[in-house]
Amino acid sequence: MGRRQLAFLFASIAIGVLLGAVVQAVFLKKPKRAPETAAVSATVLATGTPATVQMVGGVFQLVDQQGRQVTERDLQGRPRIIFFGFTACPDVCAPTLTAISELLQALGPEADKLTVLFVSVDPERDTPEQLRQYLAGFDPRIRGLTGAPEMVAKVAQAHGAWFGKAPLAAGGYTIDHSPLVYLVDSKGALVGVLNHDQVGVGALPRLREMLRS
Amino acid sequence: MSAILLRSLAAAGAILICCAAPAMGASSRLGALRIDNPWARPTPPGAPTGAGYLTVTNTGKTADRLMGGASPLAERVEVHTVSMTGNVMRMRAMPEGAEIGPGKTLSLAPGGSHLMLVGVKQRIRPGDRIPVTLKFAKAGEVKVEFVAQMAPPPPAHGAH
């Protein structure tokens with residue numbers, strides 16, 4: 001093989017490798033497959049908007065603080081915000097519900113288009129009556145939901161929210177949970193997740209956007 | 001006496017009242033420990049638990065531990081730590097107490113650690129003062145009052 005041929009061969013290999021790299025970068029850069037729902041929420045939390053469209057909700061049957069039955073059919077066609085918490089929550093739930101109440105006040109009449117749900121992750125202790133008493137401290141448009149533990153678990157899972165019991169030092173228990181507020185549009189798609197400390201009036205533009213879409 | 005003088009006196013009085021009353025949290029001492037700004041979140045109606053926050057500064061040479069406390073307004077007062085792992089907020093009781101090393105400050109603040117008032121006997125409303133006897137492993141006990149307010153008080157003198 002002469003020097004010219006050798007040089008040609010090397011040049012061909014180099015061009016081939018380069019082309020391969022370009023093809024891989026341009027065509028094979030597929031978005032990652034949608035992982036578990038909890039992981040999706042983690043992505044959402046990091047970026048503020050979901051990477052993939054995730055439909056949330058599913059079929060469920062719970063009761064509100066007035067004892068009325070609520071199913072997925074009651075939520076159809078309306079945008080909603082959902083927060084999973086419990087009334088014996090000492091640190092984050094009450095301030096988050098206060099922030100949600102302020103947000104509703106700031107939205108004004110537009111807030112009436114929104115369904116606002118506080119789903120109890122402590123259904124054993126949070127009876128409709130307990131929810132009714134507790135929610136009297138917040139905006140009356142917040143609807144509290146409770147019911148069978150499996151049903152609550154199903155709804156939480158459908159949103160990528162996690163919860164579980166944790167024992168207290170001198171007996172009793174508290175609940176570990178995802179302190180997140182889920183924004184769901186009128187078609188049932190998860191359009192955003194706010195951490196409990198992001199639920200201020202700073203979230204107004206995103207809520208307005210969701211209400212207009 | 002001129003009206004201007006009266007008005008400036010009134011203004012000075014108002015400033016004094018503003019600065020003296022809610023702006024500065026209370027401070028108390030127990031041996032080498034200084035406890036600053038005890039405050040608690042008002043609770044929604046029917047809420048069975050509440051949370052109290054404060055800072056403890058150890059000006060001594062040996063470590064101590066905040067073990068918990070007692071209050072006539074709650075069944076129990078426990079030290080809890082809160083942490084976020086991924087998407088989940090976890091709360092754990094600290095039966096072994098929270099350490100305050102020599103020269104260190106322990107800060108119980110929202111989203112971190114708190115004194116959990118378990119079994120609150122009445123609704124905590126803004127402005128309420130909740131008497132709590134804090135228990136330390138070495139220094140013993142001291143009575144403080146948690147002031148109920150929506151947001152943390154600004155840091156006390158010497159903290160900045």
# chains A, B, ... in the order shown; residues from 1 in each chain; ligands from 1
$ closest_atom_pairs --of "chain A" --to "chain B" --cutoff "7 Å" --atoms "only C-alpha atoms" --output "Markdown table"
| residue | atom | partner | partner_atom | distance |
| --- | --- | --- | --- | --- |
| A:Ala42 | CA | B:Asn87 | CA | 6.5 |
| A:Thr87 | CA | B:Ala47 | CA | 5.6 |
| A:Ala88 | CA | B:Thr49 | CA | 5.3 |
| A:Cys89 | CA | B:Thr49 | CA | 6.8 |
| A:Pro90 | CA | B:Gly50 | CA | 4.9 |
| A:Asp91 | CA | B:Ala51 | CA | 6.2 |
| A:Ala94 | CA | B:Pro44 | CA | 6.9 |
| A:Gln130 | CA | B:Gly46 | CA | 6.9 |
| A:Gln133 | CA | B:Gly46 | CA | 5.8 |
| A:Tyr134 | CA | B:Pro45 | CA | 4.9 |
| A:Ala136 | CA | B:Pro45 | CA | 6.9 |
| A:Gly137 | CA | B:Pro44 | CA | 5.1 |
| A:Trp162 | CA | B:Val88 | CA | 6.7 |
| A:Leu168 | CA | B:Ala93 | CA | 5.7 |
| A:Ala169 | CA | B:Ala93 | CA | 5.5 |
| A:Asp176 | CA | B:Arg90 | CA | 4.7 |
| A:His177 | CA | B:Val88 | CA | 5.1 |
| A:Ser178 | CA | B:Val88 | CA | 4.3 |
| A:Pro179 | CA | B:Met89 | CA | 6.4 |
$ write_last_selection --atoms "C-alpha atoms" --output "PDB file, in the first residue's frame"
ATOM      1  CA  ALA A  42     -38.906  14.730  40.357  1.00  0.00           C
ATOM      2  CA  THR A  87     -54.510  17.660  59.552  1.00  0.00           C
ATOM      3  CA  ALA A  88     -51.979  16.432  62.157  1.00  0.00           C
ATOM      4  CA  CYS A  89     -49.146  17.717  59.950  1.00  0.00           C
ATOM      5  CA  PRO A  90     -47.180  20.119  62.163  1.00  0.00           C
ATOM      6  CA  ASP A  91     -44.795  21.846  59.801  1.00  0.00           C
ATOM      7  CA  ALA A  94     -51.040  24.573  57.219  1.00  0.00           C
ATOM      8  CA  GLN A 130     -62.120  16.519  61.038  1.00  0.00           C
ATOM      9  CA  GLN A 133     -63.184  21.689  61.068  1.00  0.00           C
ATOM     10  CA  TYR A 134     -59.601  22.056  59.859  1.00  0.00           C
ATOM     11  CA  ALA A 136     -62.634  26.191  58.133  1.00  0.00           C
ATOM     12  CA  GLY A 137     -59.288  27.933  58.772  1.00  0.00           C
ATOM     13  CA  TRP A 162     -45.796   9.258  47.987  1.00  0.00           C
ATOM     14  CA  LEU A 168     -43.460   9.072  66.926  1.00  0.00           C
ATOM     15  CA  ALA A 169     -41.162   8.805  69.956  1.00  0.00           C
ATOM     16  CA  ASP A 176     -44.041  11.140  55.628  1.00  0.00           C
ATOM     17  CA  HIS A 177     -45.363  12.583  52.398  1.00  0.00           C
ATOM     18  CA  SER A 178     -44.629  14.484  49.201  1.00  0.00           C
ATOM     19  CA  PRO A 179     -45.317  18.122  50.149  1.00  0.00           C
TER      20      PRO A 179
END
$ select_by_dssp --residues "region 62-201 of chain A" --states "strand (DSSP E or B)" --output "compact mmCIF listing (two decimals) with N, CA and C atoms, in the first residue's frame"
# COMPACT_ATOMS: atom_id res chain seq x y z
N LEU A 62 -64.05 9.10 46.58
CA LEU A 62 -63.69 9.60 47.92
C LEU A 62 -64.86 10.43 48.45
N VAL A 63 -64.72 10.94 49.69
CA VAL A 63 -65.76 11.84 50.21
C VAL A 63 -65.13 13.17 50.59
N ASP A 64 -65.91 14.26 50.47
CA ASP A 64 -65.38 15.56 50.84
C ASP A 64 -65.74 15.88 52.29
N GLN A 69 -70.02 12.38 48.16
CA GLN A 69 -69.14 11.53 47.39
C GLN A 69 -68.52 12.31 46.23
N VAL A 70 -67.23 12.08 45.99
CA VAL A 70 -66.53 12.74 44.89
C VAL A 70 -65.83 11.66 44.06
N THR A 71 -66.07 11.69 42.75
CA THR A 71 -65.38 10.74 41.87
C THR A 71 -64.65 11.53 40.79
N ARG A 80 -57.39 21.80 37.87
CA ARG A 80 -57.38 21.63 39.32
C ARG A 80 -55.98 21.73 39.90
N ILE A 81 -55.91 22.07 41.18
CA ILE A 81 -54.66 21.95 41.91
C ILE A 81 -54.92 21.00 43.08
N ILE A 82 -53.96 20.11 43.29
CA ILE A 82 -54.12 19.09 44.32
C ILE A 82 -52.93 19.10 45.27
N PHE A 83 -53.23 19.09 46.55
CA PHE A 83 -52.18 19.01 47.57
C PHE A 83 -52.50 17.83 48.47
N PHE A 84 -51.51 16.97 48.70
CA PHE A 84 -51.70 15.82 49.58
C PHE A 84 -51.10 16.16 50.95
N GLY A 85 -51.91 16.07 52.00
CA GLY A 85 -51.41 16.40 53.34
C GLY A 85 -52.28 15.75 54.39
N THR A 115 -60.70 23.82 40.47
CA THR A 115 -61.04 22.91 41.56
C THR A 115 -59.78 22.79 42.43
N VAL A 116 -59.96 23.02 43.73
CA VAL A 116 -58.81 22.97 44.63
C VAL A 116 -59.02 21.84 45.62
N LEU A 117 -58.13 20.86 45.60
CA LEU A 117 -58.32 19.68 46.44
C LEU A 117 -57.20 19.51 47.46
N PHE A 118 -57.57 19.20 48.69
CA PHE A 118 -56.63 18.82 49.73
C PHE A 118 -56.97 17.37 50.07
N VAL A 119 -56.13 16.45 49.59
CA VAL A 119 -56.41 15.03 49.79
C VAL A 119 -55.66 14.56 51.03
N SER A 120 -56.39 14.00 51.99
CA SER A 120 -55.75 13.54 53.22
C SER A 120 -54.98 12.24 53.00
N ILE A 142 -61.42 25.47 49.07
CA ILE A 142 -60.58 24.27 49.17
C ILE A 142 -61.46 23.09 49.60
N ARG A 143 -61.45 22.05 48.77
CA ARG A 143 -62.27 20.89 49.04
C ARG A 143 -61.38 19.80 49.61
N GLY A 144 -61.74 19.31 50.80
CA GLY A 144 -60.94 18.26 51.43
C GLY A 144 -61.48 16.91 51.03
N LEU A 145 -60.59 15.96 50.73
CA LEU A 145 -61.03 14.62 50.35
C LEU A 145 -60.40 13.58 51.26
N THR A 146 -61.20 12.58 51.63
CA THR A 146 -60.71 11.46 52.41
C THR A 146 -61.50 10.23 52.00
N PHE A 163 -46.60 8.62 50.19
CA PHE A 163 -46.77 8.84 51.62
C PHE A 163 -46.65 7.52 52.38
N GLY A 164 -46.32 7.60 53.65
CA GLY A 164 -46.20 6.41 54.48
C GLY A 164 -46.15 6.80 55.95
N LYS A 165 -46.58 5.90 56.80
CA LYS A 165 -46.59 6.19 58.24
C LYS A 165 -45.18 6.14 58.83
N ALA A 166 -44.95 6.99 59.83
CA ALA A 166 -43.69 6.96 60.57
C ALA A 166 -44.01 7.11 62.05
N PRO A 167 -43.43 6.26 62.91
CA PRO A 167 -43.79 6.30 64.33
C PRO A 167 -43.24 7.53 65.05
N TYR A 173 -48.28 8.14 65.51
CA TYR A 173 -47.53 8.19 64.26
C TYR A 173 -47.71 9.52 63.58
N THR A 174 -46.80 9.78 62.66
CA THR A 174 -46.98 10.92 61.77
C THR A 174 -46.87 10.34 60.35
N ILE A 175 -47.00 11.20 59.35
CA ILE A 175 -46.98 10.72 57.97
C ILE A 175 -45.86 11.41 57.20
N ASP A 176 -45.01 10.60 56.58
CA ASP A 176 -44.04 11.14 55.63
C ASP A 176 -44.80 11.30 54.31
N HIS A 177 -44.59 12.40 53.63
CA HIS A 177 -45.36 12.58 52.40
C HIS A 177 -44.67 13.54 51.45
N LEU A 180 -46.05 18.42 47.87
CA LEU A 180 -46.06 19.08 46.56
C LEU A 180 -47.47 19.44 46.15
N VAL A 181 -47.57 20.49 45.36
CA VAL A 181 -48.88 20.91 44.83
C VAL A 181 -48.87 20.62 43.33
N TYR A 182 -49.82 19.80 42.89
CA TYR A 182 -49.87 19.37 41.51
C TYR A 182 -50.85 20.24 40.73
N LEU A 183 -50.39 20.73 39.56
CA LEU A 183 -51.25 21.54 38.69
C LEU A 183 -51.70 20.66 37.53
N VAL A 184 -53.00 20.48 37.41
CA VAL A 184 -53.55 19.59 36.38
C VAL A 184 -54.51 20.41 35.51
N ALA A 189 -54.16 16.58 32.24
CA ALA A 189 -52.71 16.41 32.09
C ALA A 189 -51.98 17.20 33.19
N LEU A 190 -50.97 16.57 33.75
CA LEU A 190 -50.15 17.23 34.77
C LEU A 190 -49.31 18.30 34.07
N VAL A 191 -49.52 19.57 34.41
CA VAL A 191 -48.77 20.63 33.73
C VAL A 191 -47.72 21.27 34.62
N GLY A 192 -47.68 20.91 35.88
CA GLY A 192 -46.65 21.47 36.75
C GLY A 192 -46.76 20.94 38.16
N VAL A 193 -45.66 21.04 38.87
CA VAL A 193 -45.63 20.66 40.27
C VAL A 193 -44.89 21.75 41.03
N LEU A 194 -45.50 22.22 42.11
CA LEU A 194 -44.84 23.24 42.92
C LEU A 194 -44.44 22.61 44.26
N ASN A 195 -43.24 22.93 44.71
CA ASN A 195 -42.87 22.50 46.05
C ASN A 195 -43.69 23.36 47.03
$ select_by_dssp --residues "region 33-152 of chain A" --states "helix (DSSP H, G or I)" --output "number ranges by chain"
A: 37-47, 72-75, 93-113, 128-135, 149-152
$ residues_around --residues "Phe136 (chain B)" --least-positions-apart "3" --cutoff "8 Å" --atoms "only C-alpha atoms" --output "list in words"
Asp64, Arg65, Leu66, Met67, Gly68, Ala139, Gly140 and Glu141 of chain B
$ residues_around --residues "Pro131 (chain B)" --least-positions-apart "5" --cutoff "10 Å" --atoms "only C-alpha atoms" --output "list in words"
Ala70, Ser71, Pro72, Leu73, Ala74, Lys143, Val144, Glu145, Phe146 and Val147 of chain B
$ atom_distance --atom1 "CA of Thr62 (chain B)" --atom2 "CA of Arg29 (chain B)"
15.9 Å
$ closest_residue --among "B:Val77, B:Ala137, B:Ala98, B:Leu106" --to "Arg34 (chain B)" --atoms "only C-alpha atoms"
B:Leu106
$ atom_distance --atom1 "CA of Ala63 (chain B)" --atom2 "CA of Pro102 (chain B)"
5.2 Å
$ residues_around --residues "Ile35 (chain B)" --least-positions-apart "2" --cutoff "12 Å" --atoms "only C-alpha atoms" --output "PyMOL selection string"
chain B and resi 25-33+37-39+53-59+66+100+105-108+133-136+141-146+155-156+159
$ atom_distance --atom1 "CA of Leu75 (chain A)" --atom2 "CA of Lys113 (chain A)"
11.3 Å
$ closest_residue --among "A:Pro149, A:Gly108, A:Gly160, A:Gly77" --to "Asp122 (chain A)" --atoms "only C-alpha atoms"
A:Pro149
